[in-house]
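Working notes, structure below.
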Amino acid sequence: MSFSTQANDWQSFDFAAGFHSVHPNEIRDALDRAGSQTPLDTRDLLALLSPAAQDFLEPMAQMARNLTCQHFGKTISLYAPMYISDFCCNHCTYCGFNARTHFPRTRLTLEEIDREARAIADTGIRHILILTGEAPDKTPLSYLEDTCRIMTRYFSSIALEIFPMTETDYRVLKQAGADSLTVYQEVYDPAIYKTVHPKGPKSDYTFRLLTPERGAAAGFRAVNIGPLFGLGDPASEAFMAGLHARYLEQTYPHVEISLSLPRMTRAGGAISPRHLLSDRQFVQTLLAWRLFMPRLGITISTRESAAFRDQLIHLGVTRYSAGSRTDVGGYHVHTAGTTVQFEVTDTRPVNEVAAMIRHSGYQPVFKDWEIF
Amino acid sequence: MADTLTLGHRNFTSRLLTGTGKFASNEQIRPMLSASGSEIITVALRRVDLQASPQDNILTHIPDHVTLLPNTSGARTAEEAVRIACIAREAGCGDFIKIEVITDMQYLLPDNHETLKAAEILAKEDFIVLPYVMPDITISRQLYDAGAAAVMPLGSPIGSNRGLEMKPMIQRIIDTSRLPVIVDAGIGRPSQAAEAMEMGADAVLINTAIATAQDPVQAGKAFSLAVTAGRMAYQAGMAGSSRRARASSPLTGFLQE
């Protein structure tokens with residue numbers, strides 16, 4: 001049984017009424033159970049994401065910090081994204097790389113990828129995330145395979161954030177050196193999904209929803225998922241993402257599961273976000289996920305500001321990107337004139353992010369994997 | 001005669017093994033080792049970066065007199081564990097290897113079957129093999145036959161601080177094993193470490209509880225004292241403990257006269 005069965009079952013659920021029905025005692029109970037290492041269930045997740053839980057953010061934060069410290073120690077892992085191509089045939093209404101947006105598109109050559117990789121590795125980064133738009137004619141499997149092979153010269157972990165593929169294709173990229181997969185559902189609400197993905201292969205909701213499962217089945221050791229906040233109702237999206245993560249954790253126990261909280265900023269050609277996620281809701285979501293899944297990885301990108309990220313360290317985050325460029329060739333190859341997928345808000349270089357982590361009493365971890 | 005822990009061909013005075021993970025800073029490792037007297041420290045090969053700056057290279061924080069125990073964290077199969085062990089030895093991490101083959105990321109529970117397979121291969125390759133296992137007397141016998149240097153049953157899940165939840169199973173291993181028994185994982189307090197030693201464990205491995213303490217140096221010292229106290233209590237054959245035979249003044253000795 002895939003996650004799509006579960007996702008279907010929840011489609012008829014009245015989230016507004018469900019969140020409204022939560023009594024503060026349910027949140028106290030959930031906190032007690034989290035403290036005694038008793039697993040929380042889906043009702044607890046609903047309670048922790050409800051408006052009533054907003055009055056419990058401090059005890060939730062204390063608990064989240066303890067659980068995270070226990071399972072991950074006082075460490076924050078670091079990675080950097082590398083955009084290798086911005087050609088894309090999809091029509092995501094919120095994305096700077098949308099096929100309908102007109103700008104000169106770029107696809108790095110293998111030689112340019114090598115130069116970018118070297119520039120990133122020189123900053124100390126050992127975990128790389130490869131990103132590209134969906135354009136099978138421009139970035140076919142063989143190109144991605146070659147890219148992975150180049151990355152193995154410079155990095156000890158290679159993650160993919162590319163268009164959904166078949167299990168067979170993922171196996172090819174795993175063989176070429178990739179070990180992890182990131183894929184965001186963007187929005188779990190199927191009606192909104194349809195509106196914001198009107199055309200292109202990405203309009204297939206179910207194929208995308210089952211991508212993490214295909215990646216896990218292909219043998220990736222880590223899978224990172226998440227909703228893009230700003231599209232659907234934040235609390236119910238966070239709930240569905242939590243369920244999805246738990247489903248993956250239980251179905252693929254050998255895979256490390258993590259969640260991200262990307263929230264929309266205004267990229268070129270994009271629509272304005274409809275459901276803004278406030279800082280308070282952002283923190284509530286992070287804490288609820290942590291209490292629901294104590295061993296869950298939680299990733300925060302440079303979409304968030306330096307000041308905000310400095311505070312989040314204590315609340316259950318396990319991984320940060322650092323020194324990120326979200327334009328193709330942004331590290332070394334090109335210096336101006338390209339389009340970004342989203343605006344980076346924390347623009348500090350890697351060494352400054354690492355210094356901030358140390359200053360906060362945590363250890364920045366550059367390498368936490370070995371290609372073997 | 002000195003009370004030493006023998007692993008492979010090596011003797012150790014300290015019965016407290018420690019780990020390098022989860023510290024707020026690698027700078028805490030050296031003073032922790034000094035305060036705890038630990039002579040063996042485990043390090044995940046996946047975390048070792050020989051190209052990193054001295055601050056970020058874990059190995060530069062481990063004094064020469066402390067024995068490195070590289071572990072195969074990240075391995076999901078015997079084959080992967082063997083590959084990691086070989087990389088570790090080639091990287092100059094020595095002959096000791098802690099086999100960790102973990103296929104359950106939620107509780108980090110080991111796969112005994114794959115662990116045994118890896119132990120058989122690595123022992124033949126002359127590694128000093130310390131396998132991390134679910135407490136099971138059958139696997140502990142098989143590991144002896146495979147040439148392992150010790151057996152490392154878990155007390156409770158890694159990082160859980162729940163202590164000796166597997167106590168009766170661990171006791172059976174201690175009672176029957178021909179290998180040194182090192183209780184690994186889940187020990188969250190010095191009193192739990194002392195308890196394991198009182199039961200007759202040959203050593204304990206403590207990482208999370210030390211590394212995530214507010215003062216890891218002080219915590220290392222506390223665990224060291226607890227391990228020593230527990231060992232002494234075991235050797236003293238405390239009243240109420242029926243595990244050790246007592247030769248003096250048997251109550252029914254008169255029956256043979």
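Please note that chains go A, B, ... in the order of the structure tokens, that every chain numbers its residues from 1, and that ligands are numbered from 1 in the order shown.
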Please provide the set of residues having any atom within 6 Å of stretch 67-78 of chain A, restricted to only C-alpha atoms, with same-chain residues fewer than 3 positions apart removed, written as a PyMOL selection string. (chain A and resi 64+316+318-321+362-366) or (chain B and resi 22-24+159+212)
Residues at most 10 Å from B:Ala75, counting only C-alpha atoms, excluding those fewer than 6 positions away in the same chain, as a CSV table (one decimal) with C-alpha atoms, in the first residue's frame?
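Generated file (selection-v4.csv):
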```csv
chain,number,residue,atom,x,y,z
A,221,ARG,CA,20.1,6.1,2.1
A,254,HIS,CA,16.7,1.6,6.5
A,372,PHE,CA,31.9,3.3,-0.1
B,46,ARG,CA,31.7,8.6,7.8
B,81,ALA,CA,30.6,-2.8,6.7
B,82,VAL,CA,33.5,-4.7,5.3
B,83,ARG,CA,34.2,-2.0,2.7
B,84,ILE,CA,34.1,0.7,5.4
B,99,ILE,CA,30.8,-3.4,13.3
B,100,GLU,CA,27.6,-1.4,13.2
B,101,VAL,CA,25.1,-2.7,10.6
B,102,ILE,CA,21.9,-0.8,11.2
B,103,THR,CA,18.8,-1.2,9.1
B,114,GLU,CA,24.6,-9.1,8.6
B,115,THR,CA,26.8,-8.2,11.6
```
Residues of stretch 10-176 of chain B classed as strand (DSSP E or B) by DSSP on the backbone are to be reported as a compact mmCIF listing (two decimals) with C-alpha atoms, in the first residue's frame.
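selection-v8.txt, written as the output of this step:
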```
# COMPACT_ATOMS: atom_id res chain seq x y z
CA ARG B 10 45.90 -5.67 23.56
CA ASN B 11 45.44 -5.03 27.28
CA PHE B 12 43.63 -2.00 28.68
CA LEU B 16 35.19 2.68 29.89
CA LEU B 17 35.04 3.06 26.11
CA THR B 18 33.91 6.42 24.77
CA GLY B 19 32.80 7.96 21.46
CA ILE B 40 39.52 3.40 23.56
CA ILE B 41 37.34 5.82 21.60
CA THR B 42 35.05 5.02 18.72
CA VAL B 43 34.81 7.23 15.65
CA ALA B 44 32.48 6.88 12.68
CA THR B 67 43.24 3.46 20.78
CA LEU B 68 41.00 4.34 17.85
CA LEU B 69 37.95 2.17 17.38
CA PRO B 70 36.59 3.12 13.96
CA ASN B 71 32.97 2.08 13.45
CA PHE B 96 40.25 -2.33 15.62
CA ILE B 97 36.79 -2.19 14.07
CA LYS B 98 33.39 -1.80 15.67
CA ILE B 99 30.84 -3.36 13.35
CA ILE B 102 21.94 -0.77 11.17
CA THR B 103 18.81 -1.19 9.09
CA ASP B 104 16.35 0.52 11.42
CA LEU B 109 18.81 -1.26 15.96
CA PRO B 110 21.50 -3.58 14.60
CA ILE B 128 40.16 -6.91 15.99
CA VAL B 129 36.41 -7.19 15.63
CA LEU B 130 33.96 -5.65 18.11
CA PRO B 131 30.40 -6.21 16.87
CA TYR B 132 27.44 -4.17 18.10
CA VAL B 133 24.46 -6.53 18.43
CA VAL B 151 30.53 -8.93 21.91
CA MET B 152 28.76 -5.59 22.33
CA PRO B 153 25.10 -6.05 23.24
CA LEU B 154 22.97 -2.92 23.44
```
For A:Arg274, work out the shell of residues within 8 Å, counting only C-alpha atoms and skipping chain neighbours fewer than 3 positions away, then give it as a list in words. Gly230, Leu231 and Gly232 of chain A
Pick the closest to B:Ile87 from A:Met240, A:Ile371, A:Tyr143, A:Phe13: which is it, counting only C-alpha atoms?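 Counting only C-alpha atoms, the residue closest to B:Ile87 is A:Ile371.
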Which residue out of A:Leu287, A:Ala52, A:Ile225, A:Ala121 has the minimum interatomic distance to chain B when only C-alpha atoms are used?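 Among the listed residues, A:Ala121 lies closest to chain B.
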Surrounding residues of A:Ile120 excluding itself and chain neighbours under 4 positions, 12 Å, only C-alpha atoms, as a count of residues only: 31
State, in Å with one decimal place, the distance from atom CA of A:Met264 to atom CA of A:Pro227.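 Going from atom CA of A:Met264 over to atom CA of A:Pro227 covers 10.4 Å.
For the residues B:Glu195, B:Asp111, B:Asp126, B:Asp3, ranking by smallest atom-to-atom distance to chain A using only C-alpha atoms places B:Asp111 first.
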